[in-house]
file start.tsv (TSV, C-alpha atoms and all ligand atoms)
chain	number	residue	atom	x	y	z
V	9	MET	CA	116.21	109.25	123.63
V	10	LEU	CA	112.76	109.73	122.22
V	11	ILE	CA	110.51	106.90	121.03
V	12	ARG	CA	107.76	108.09	118.70
V	13	VAL	CA	105.82	107.34	115.55
V	14	GLU	CA	107.69	107.92	112.29
V	15	ILE	CA	107.02	111.16	110.41
V	16	PRO	CA	107.95	111.97	106.80
V	17	ILE	CA	111.18	113.88	107.59
V	18	ASP	CA	112.57	110.77	109.33
V	19	ALA	CA	112.77	108.84	106.06
V	20	PRO	CA	116.41	109.65	105.09
V	21	SER	CA	117.66	108.93	108.62
V	22	ILE	CA	115.73	105.63	108.73
V	23	ASP	CA	117.23	104.75	105.37
V	24	THR	CA	120.77	105.38	106.66
V	25	LEU	CA	120.21	103.25	109.77
V	26	LEU	CA	118.78	100.33	107.77
V	27	ARG	CA	121.64	100.45	105.25
V	28	GLN	CA	124.12	100.32	108.15
V	29	VAL	CA	122.39	97.49	110.03
V	30	PHE	CA	120.97	95.28	107.25
V	31	GLY	CA	122.20	96.62	103.91
V	32	ASP	CA	120.57	98.02	100.81
V	33	GLU	CA	117.85	95.39	100.38
V	34	SER	CA	116.15	96.13	103.69
V	35	ALA	CA	116.43	99.90	103.25
V	36	ASP	CA	115.02	99.68	99.71
V	37	ARG	CA	112.17	97.44	100.88
V	38	VAL	CA	111.10	99.92	103.56
V	39	ARG	CA	111.32	102.78	101.11
V	40	ASN	CA	109.18	100.86	98.60
V	41	LEU	CA	106.63	99.90	101.25
V	42	ARG	CA	106.38	103.53	102.35
V	43	GLU	CA	106.01	104.81	98.79
V	44	ASP	CA	103.27	102.27	98.12
V	45	GLY	CA	101.36	103.16	101.30
V	46	LEU	CA	102.11	99.75	102.81
V	47	LEU	CA	103.79	100.94	106.00
V	48	THR	CA	101.04	100.46	108.55
V	49	LEU	CA	103.23	101.97	111.25
V	50	GLY	CA	106.86	102.95	111.77
V	51	VAL	CA	108.30	103.75	115.20
V	52	VAL	CA	111.63	105.54	115.61
V	53	ALA	CA	114.06	106.10	118.46
V	54	THR	CA	115.83	109.43	118.00
V	55	ASP	CA	118.87	110.90	119.74
V	56	ASP	CA	119.27	114.48	120.97
V	57	GLU	CA	120.10	115.69	117.45
V	58	GLY	CA	116.96	114.08	116.06
V	59	GLN	CA	118.88	111.34	114.25
V	60	VAL	CA	117.14	107.98	114.02
V	61	VAL	CA	119.07	105.42	116.08
V	62	GLY	CA	116.40	102.73	116.22
V	63	TYR	CA	113.52	101.68	114.02
V	64	VAL	CA	110.71	99.17	113.76
V	65	ALA	CA	108.17	98.91	110.95
V	66	PHE	CA	104.89	97.06	110.49
V	67	SER	CA	103.21	96.25	107.19
V	68	PRO	CA	99.98	94.44	106.30
V	69	VAL	CA	99.78	90.69	105.71
V	70	MET	CA	97.01	88.52	104.30
V	71	VAL	CA	95.86	85.53	106.34
V	72	ALA	CA	94.41	82.58	104.42
V	73	GLY	CA	93.71	85.00	101.59
V	74	GLU	CA	91.86	87.51	103.76
V	75	ASP	CA	92.65	90.87	105.33
V	76	ARG	CA	92.18	90.19	109.03
V	77	GLN	CA	93.93	93.35	110.24
V	78	TRP	CA	97.13	91.46	110.92
V	79	VAL	CA	100.50	93.09	110.33
V	80	ALA	CA	104.10	91.90	110.07
V	81	LEU	CA	106.89	93.35	112.17
V	82	SER	CA	109.94	93.94	109.96
V	83	PRO	CA	112.55	95.27	110.15
V	84	LEU	CA	113.73	95.94	113.72
V	85	ALA	CA	117.08	97.68	114.05
V	86	VAL	CA	119.06	99.58	116.66
V	87	LYS	CA	122.31	101.40	115.97
V	88	THR	CA	125.20	99.12	116.96
V	89	ALA	CA	126.73	101.43	119.55
V	90	LEU	CA	123.41	101.81	121.40
V	91	ARG	CA	122.32	98.18	121.68
V	92	GLY	CA	121.65	96.49	125.00
V	93	GLN	CA	120.00	99.55	126.55
V	94	GLY	CA	116.38	98.58	126.04
V	95	ILE	CA	115.77	100.60	122.87
V	96	GLY	CA	114.73	97.59	120.78
V	97	LYS	CA	112.26	96.49	123.41
V	98	GLN	CA	110.76	99.99	123.74
V	99	LEU	CA	110.35	100.23	119.97
V	100	VAL	CA	108.52	96.91	119.77
V	101	TYR	CA	106.25	97.64	122.74
V	102	GLU	CA	105.44	101.15	121.49
V	103	GLY	CA	104.54	99.60	118.15
V	104	LEU	CA	102.36	96.90	119.73
V	105	ASP	CA	100.59	99.49	121.92
V	106	SER	CA	99.83	101.77	119.00
V	107	LEU	CA	98.63	98.92	116.79
V	108	ASN	CA	96.39	97.73	119.60
V	109	GLU	CA	94.92	101.21	119.94
V	110	PHE	CA	94.35	101.40	116.19
V	111	GLY	CA	92.42	98.12	116.36
V	112	TYR	CA	94.82	95.77	114.62
V	113	SER	CA	94.28	92.16	115.50
V	114	ALA	CA	97.67	90.42	115.53
V	115	VAL	CA	101.34	90.92	114.72
V	116	VAL	CA	103.54	88.29	113.12
V	117	THR	CA	107.28	88.25	112.68
V	118	LEU	CA	110.08	86.17	111.24
V	119	GLY	CA	113.64	86.17	112.44
V	120	SER	CA	115.15	85.60	115.83
V	121	ASP	CA	112.89	83.15	117.71
V	122	GLU	CA	114.80	83.80	120.91
V	123	LEU	CA	114.50	87.58	120.75
V	124	TYR	CA	110.83	87.70	119.80
V	125	GLN	CA	109.76	85.04	122.28
V	126	HIS	CA	111.61	87.00	124.92
V	127	LEU	CA	109.43	89.99	123.93
V	128	GLY	CA	106.21	87.97	124.26
V	129	PHE	CA	105.68	86.50	120.79
V	130	GLN	CA	104.86	82.81	120.46
V	131	PRO	CA	105.36	80.29	117.65
V	132	ALA	CA	102.53	80.46	115.12
V	133	ALA	CA	102.79	76.88	113.85
V	134	PRO	CA	100.85	75.26	116.75
V	135	TYR	CA	97.87	77.45	115.76
V	136	GLY	CA	98.02	76.12	112.21
V	137	ILE	CA	99.37	79.44	110.99
V	138	ARG	CA	102.23	79.20	108.57
V	139	CYS	CA	104.18	81.55	106.40
V	140	ALA	CA	103.51	81.45	102.67
V	141	GLN	CA	107.23	80.96	102.11
V	142	ALA	CA	107.59	77.32	103.23
V	143	GLU	CA	111.20	77.60	104.30
V	144	MET	CA	110.23	80.24	106.83
V	145	ASP	CA	107.63	78.12	108.64
V	146	THR	CA	109.74	77.32	111.64
V	147	THR	CA	110.35	80.94	112.55
V	148	LEU	CA	106.94	82.55	112.17
V	149	GLN	CA	106.03	84.09	115.52
V	150	ILE	CA	102.77	85.71	116.53
V	151	TYR	CA	101.61	88.29	119.07
V	152	PRO	CA	97.80	88.42	119.26
V	153	LEU	CA	96.44	91.89	120.07
V	154	ALA	CA	92.73	91.11	119.99
V	155	GLU	CA	91.42	88.40	122.30
V	156	ASP	CA	89.76	86.57	119.45
V	157	ALA	CA	92.59	87.07	116.97
V	158	LEU	CA	93.32	83.38	116.68
V	159	ASN	CA	89.78	82.04	116.90
V	160	GLY	CA	89.10	79.83	113.91
V	161	VAL	CA	92.01	81.28	111.96
V	162	HIS	CA	94.51	79.06	110.24
V	163	GLY	CA	96.33	78.98	106.98
V	164	LEU	CA	99.01	80.88	105.22
V	165	VAL	CA	100.29	84.30	106.17
V	166	GLU	CA	101.36	86.24	103.11
V	167	TYR	CA	103.74	89.17	103.39
V	168	ALA	CA	103.67	92.09	100.95
V	169	GLU	CA	105.24	91.41	97.56
V	170	TYR	CA	108.41	93.30	98.55
V	171	PHE	CA	109.29	90.53	101.02
V	172	LYS	CA	109.30	87.80	98.38
V	173	GLY	CA	112.62	85.99	98.40
V	174	VAL	CA	113.59	87.17	101.88
C	201	LIG	C1	117.92	92.96	117.82
C	201	LIG	C2	118.11	94.42	118.23
C	201	LIG	C3	117.09	95.27	117.52
C	201	LIG	C4	117.91	94.52	119.73
C	201	LIG	O1	117.98	95.89	120.11
C	201	LIG	P1	118.49	96.31	121.56
C	201	LIG	O2	118.18	97.73	121.77
C	201	LIG	O3	119.90	95.88	121.74
C	201	LIG	O4	117.57	95.37	122.45
C	201	LIG	P2	117.15	95.65	123.96
C	201	LIG	O5	118.32	96.23	124.68
C	201	LIG	O6	115.88	96.39	123.98
C	201	LIG	O7	116.87	94.18	124.46
C	201	LIG	C5	115.59	93.77	124.86
C	201	LIG	C6	115.68	92.42	125.48
C	201	LIG	O8	115.89	91.44	124.45
C	201	LIG	C7	117.07	90.73	124.72
C	201	LIG	N1	117.73	90.53	123.43
C	201	LIG	C8	118.30	91.46	122.65
C	201	LIG	N2	118.76	90.89	121.51
C	201	LIG	C9	118.45	89.59	121.60
C	201	LIG	C10	118.68	88.47	120.74
C	201	LIG	N3	119.27	88.60	119.54
C	201	LIG	N4	118.24	87.26	121.16
C	201	LIG	C11	117.61	87.12	122.35
C	201	LIG	N5	117.38	88.13	123.20
C	201	LIG	C12	117.81	89.35	122.83
C	201	LIG	C13	117.90	91.58	125.65
C	201	LIG	O9	118.74	90.79	126.44
C	201	LIG	C14	116.83	92.29	126.46
C	201	LIG	O10	116.41	91.44	127.52
C	201	LIG	P3	115.79	92.06	128.89
C	201	LIG	O11	114.53	92.75	128.51
C	201	LIG	O12	115.55	90.85	129.71
C	201	LIG	O13	116.82	92.98	129.42
C	201	LIG	C15	119.55	94.92	117.88
C	201	LIG	O14	120.48	94.08	118.48
C	201	LIG	C16	119.81	94.95	116.37
C	201	LIG	O15	119.54	95.94	115.71
C	201	LIG	N6	120.38	93.85	115.84
C	201	LIG	C17	120.64	93.72	114.41
C	201	LIG	C18	119.38	93.53	113.61
C	201	LIG	C19	118.51	92.39	114.10
C	201	LIG	O16	119.00	91.32	114.43
C	201	LIG	N7	117.17	92.64	114.15
C	201	LIG	C20	116.18	91.74	114.75
C	201	LIG	C21	116.02	90.43	114.10
C	201	LIG	S1	115.29	90.58	112.52

call {"tool": "encode", "arguments": {"input": "start.tsv", "output": "structure tokens", "more": "lines below"}}
Ligand SMILES: CC(C)(COP(=O)(O)OP(=O)(O)OC[C@H]1O[C@@H](n2cnc3c(N)ncnc32)[C@H](O)[C@@H]1OP(=O)(O)O)[C@@H](O)C(=O)NCCC(=O)NCCS
result
Amino acid sequence: MLIRVEIPIDAPSIDTLLRQVFGDESADRVRNLREDGLLTLGVVATDDEGQVVGYVAFSPVMVAGEDRQWVALSPLAVKTALRGQGIGKQLVYEGLDSLNEFGYSAVVTLGSDELYQHLGFQPAAPYGIRCAQAEMDTTLQIYPLAEDALNGVHGLVEYAEYFKGV
């Protein structure tokens, strides 16, 4: 198993994995983000044949109307047969490490509170940080990368247009 940054030839294999795990909408969203240059970072887990068996992507978000070098983690997927072996965790941590090195300030995510808090994320709401889509407020989680990421920052986090209606 190899964990590494996504490269262009991975795209069809990523697409297949996302269609299997989440369905067409998620796969199409990632393809659109990539085509529009809105994939800040993609990390893949590949098997011995080079097939993508795990994937995590990060895309830019606006915070209170400003670009603060925050990104959203979505989607995160591991092939069904290979779950429970630490691949998901390695993908997320590799992504966080790389983003930290690149100088990004914070990572937000929506979805499984239990999973992401287990991986070190914390609820964003107590910091006055909410998701632009009101119904998602309760599940917005944050992982600050920079020490001052949360200083004086509050307001709405806005995902890229392709996430509208998620
Ligand atoms: C969620 C998913 C990516 C996890 O991948 P995985 O390779 O099985 O995860 P790991 O084996 O790395 O697990 C990492 C840790 O998280 C825990 N964990 C895994 N899934 C979890 C969940 N849904 N809720 C809470 N904890 C979870 C594991 O117990 C493990 O704990 P440990 O570090 O103490 O051993 C995978 O199950 C998946 O693709 N699911 C379908 C899509 C999905 O739900 N994506 C994420 C939410 S949007």

call {"tool": "residues_near_ligand", "arguments": {"input": "start.tsv", "ligand": "ligand LIG 201 (chain C)", "cutoff": "7 Å", "atoms": "only C-alpha atoms and all ligand atoms", "output": "VMD selection string"}}
result
chain V and resid 29 to 30 82 to 88 90 to 98 118 to 120 122 to 123 126 to 127

call {"tool": "write_last_selection", "arguments": {"input": "start.tsv", "atoms": "C-alpha atoms", "output": "PDB file, in the frame of the given file"}}
result
ATOM      1  CA  VAL V  29     122.390  97.490 110.030  1.00  0.00           C
ATOM      2  CA  PHE V  30     120.970  95.280 107.250  1.00  0.00           C
ATOM      3  CA  SER V  82     109.940  93.940 109.960  1.00  0.00           C
ATOM      4  CA  PRO V  83     112.550  95.270 110.150  1.00  0.00           C
ATOM      5  CA  LEU V  84     113.730  95.940 113.720  1.00  0.00           C
ATOM      6  CA  ALA V  85     117.080  97.680 114.050  1.00  0.00           C
ATOM      7  CA  VAL V  86     119.060  99.580 116.660  1.00  0.00           C
ATOM      8  CA  LYS V  87     122.310 101.400 115.970  1.00  0.00           C
ATOM      9  CA  THR V  88     125.200  99.120 116.960  1.00  0.00           C
ATOM     10  CA  LEU V  90     123.410 101.810 121.400  1.00  0.00           C
ATOM     11  CA  ARG V  91     122.320  98.180 121.680  1.00  0.00           C
ATOM     12  CA  GLY V  92     121.650  96.490 125.000  1.00  0.00           C
ATOM     13  CA  GLN V  93     120.000  99.550 126.550  1.00  0.00           C
ATOM     14  CA  GLY V  94     116.380  98.580 126.040  1.00  0.00           C
ATOM     15  CA  ILE V  95     115.770 100.600 122.870  1.00  0.00           C
ATOM     16  CA  GLY V  96     114.730  97.590 120.780  1.00  0.00           C
ATOM     17  CA  LYS V  97     112.260  96.490 123.410  1.00  0.00           C
ATOM     18  CA  GLN V  98     110.760  99.990 123.740  1.00  0.00           C
ATOM     19  CA  LEU V 118     110.080  86.170 111.240  1.00  0.00           C
ATOM     20  CA  GLY V 119     113.640  86.170 112.440  1.00  0.00           C
ATOM     21  CA  SER V 120     115.150  85.600 115.830  1.00  0.00           C
ATOM     22  CA  GLU V 122     114.800  83.800 120.910  1.00  0.00           C
ATOM     23  CA  LEU V 123     114.500  87.580 120.750  1.00  0.00           C
ATOM     24  CA  HIS V 126     111.610  87.000 124.920  1.00  0.00           C
ATOM     25  CA  LEU V 127     109.430  89.990 123.930  1.00  0.00           C
TER      26      LEU V 127
END

call {"tool": "closest_residue", "arguments": {"input": "start.tsv", "among": "V:Gln28, V:Gln130, V:Asn108, V:Gln149", "to": "V:Ala80", "atoms": "only C-alpha atoms"}}
result
V:Gln149

call {"tool": "closest_residue", "arguments": {"input": "start.tsv", "among": "V:Leu104, V:Ala53, V:Ala114, V:Leu164", "to": "V:Ala133", "atoms": "only C-alpha atoms"}}
result
V:Leu164

call {"tool": "residues_around", "arguments": {"input": "start.tsv", "residues": "V:Arg39", "least_positions_apart": "5", "cutoff": "9 Å", "atoms": "only C-alpha atoms", "output": "CSV table (one decimal) with C-alpha atoms, keeping the file's coordinate frame"}}
result
chain,number,residue,atom,x,y,z
V,19,ALA,CA,112.8,108.8,106.1
V,23,ASP,CA,117.2,104.8,105.4
V,34,SER,CA,116.2,96.1,103.7
V,44,ASP,CA,103.3,102.3,98.1

call {"tool": "atom_distance", "arguments": {"input": "start.tsv", "atom1": "atom CA of V:Arg138", "atom2": "atom CA of V:Glu33"}}
result
23.9 Å

call {"tool": "closest_residue", "arguments": {"input": "start.tsv", "among": "V:Gln77, V:Asn40, V:Ser67, V:Gln125", "to": "V:Ala154", "atoms": "all atoms listed in the file"}}
result
V:Gln77

call {"tool": "closest_residue", "arguments": {"input": "start.tsv", "among": "V:Glu43, V:Glu102, V:Glu155, V:Asp32", "to": "V:Val64", "atoms": "all atoms listed in the file"}}
result
V:Glu102

call {"tool": "atom_distance", "arguments": {"input": "start.tsv", "atom1": "atom CA of V:Ile11", "atom2": "atom CA of V:Glu166"}}
result
28.8 Å

call {"tool": "residues_around", "arguments": {"input": "start.tsv", "residues": "V:Val115", "least_positions_apart": "6", "cutoff": "7 Å", "atoms": "all atoms listed in the file", "output": "VMD selection string"}}
result
chain V and resid 78 to 81 150 to 152

call {"tool": "closest_residue", "arguments": {"input": "start.tsv", "among": "V:Arg76, V:Val60, V:Gly111, V:Pro20", "to": "V:Asp36", "atoms": "only C-alpha atoms"}}
result
V:Pro20

call {"tool": "closest_residue", "arguments": {"input": "start.tsv", "among": "V:Leu47, V:Leu41, V:Val100, V:Val165", "to": "V:Phe66", "atoms": "only C-alpha atoms"}}
result
V:Leu47

call {"tool": "atom_distance", "arguments": {"input": "start.tsv", "atom1": "atom CA of V:Asp56", "atom2": "atom CA of V:Met9"}}
result
6.6 Å

call {"tool": "residues_near_point", "arguments": {"input": "start.tsv", "point": "(105.3, 88.8, 97.1)", "cutoff": "12 Å", "atoms": "all atoms listed in the file", "output": "PyMOL selection string"}}
result
chain V and resi 37+41+69-70+139-141+165-174

call {"tool": "write_last_selection", "arguments": {"input": "start.tsv", "atoms": "C-alpha atoms", "output": "PDB file, in the coordinates of the input"}}
result
ATOM      1  CA  ARG V  37     112.170  97.440 100.880  1.00  0.00           C
ATOM      2  CA  LEU V  41     106.630  99.900 101.250  1.00  0.00           C
ATOM      3  CA  VAL V  69      99.780  90.690 105.710  1.00  0.00           C
ATOM      4  CA  MET V  70      97.010  88.520 104.300  1.00  0.00           C
ATOM      5  CA  CYS V 139     104.180  81.550 106.400  1.00  0.00           C
ATOM      6  CA  ALA V 140     103.510  81.450 102.670  1.00  0.00           C
ATOM      7  CA  GLN V 141     107.230  80.960 102.110  1.00  0.00           C
ATOM      8  CA  VAL V 165     100.290  84.300 106.170  1.00  0.00           C
ATOM      9  CA  GLU V 166     101.360  86.240 103.110  1.00  0.00           C
ATOM     10  CA  TYR V 167     103.740  89.170 103.390  1.00  0.00           C
ATOM     11  CA  ALA V 168     103.670  92.090 100.950  1.00  0.00           C
ATOM     12  CA  GLU V 169     105.240  91.410  97.560  1.00  0.00           C
ATOM     13  CA  TYR V 170     108.410  93.300  98.550  1.00  0.00           C
ATOM     14  CA  PHE V 171     109.290  90.530 101.020  1.00  0.00           C
ATOM     15  CA  LYS V 172     109.300  87.800  98.380  1.00  0.00           C
ATOM     16  CA  GLY V 173     112.620  85.990  98.400  1.00  0.00           C
ATOM     17  CA  VAL V 174     113.590  87.170 101.880  1.00  0.00           C
TER      18      VAL V 174
END
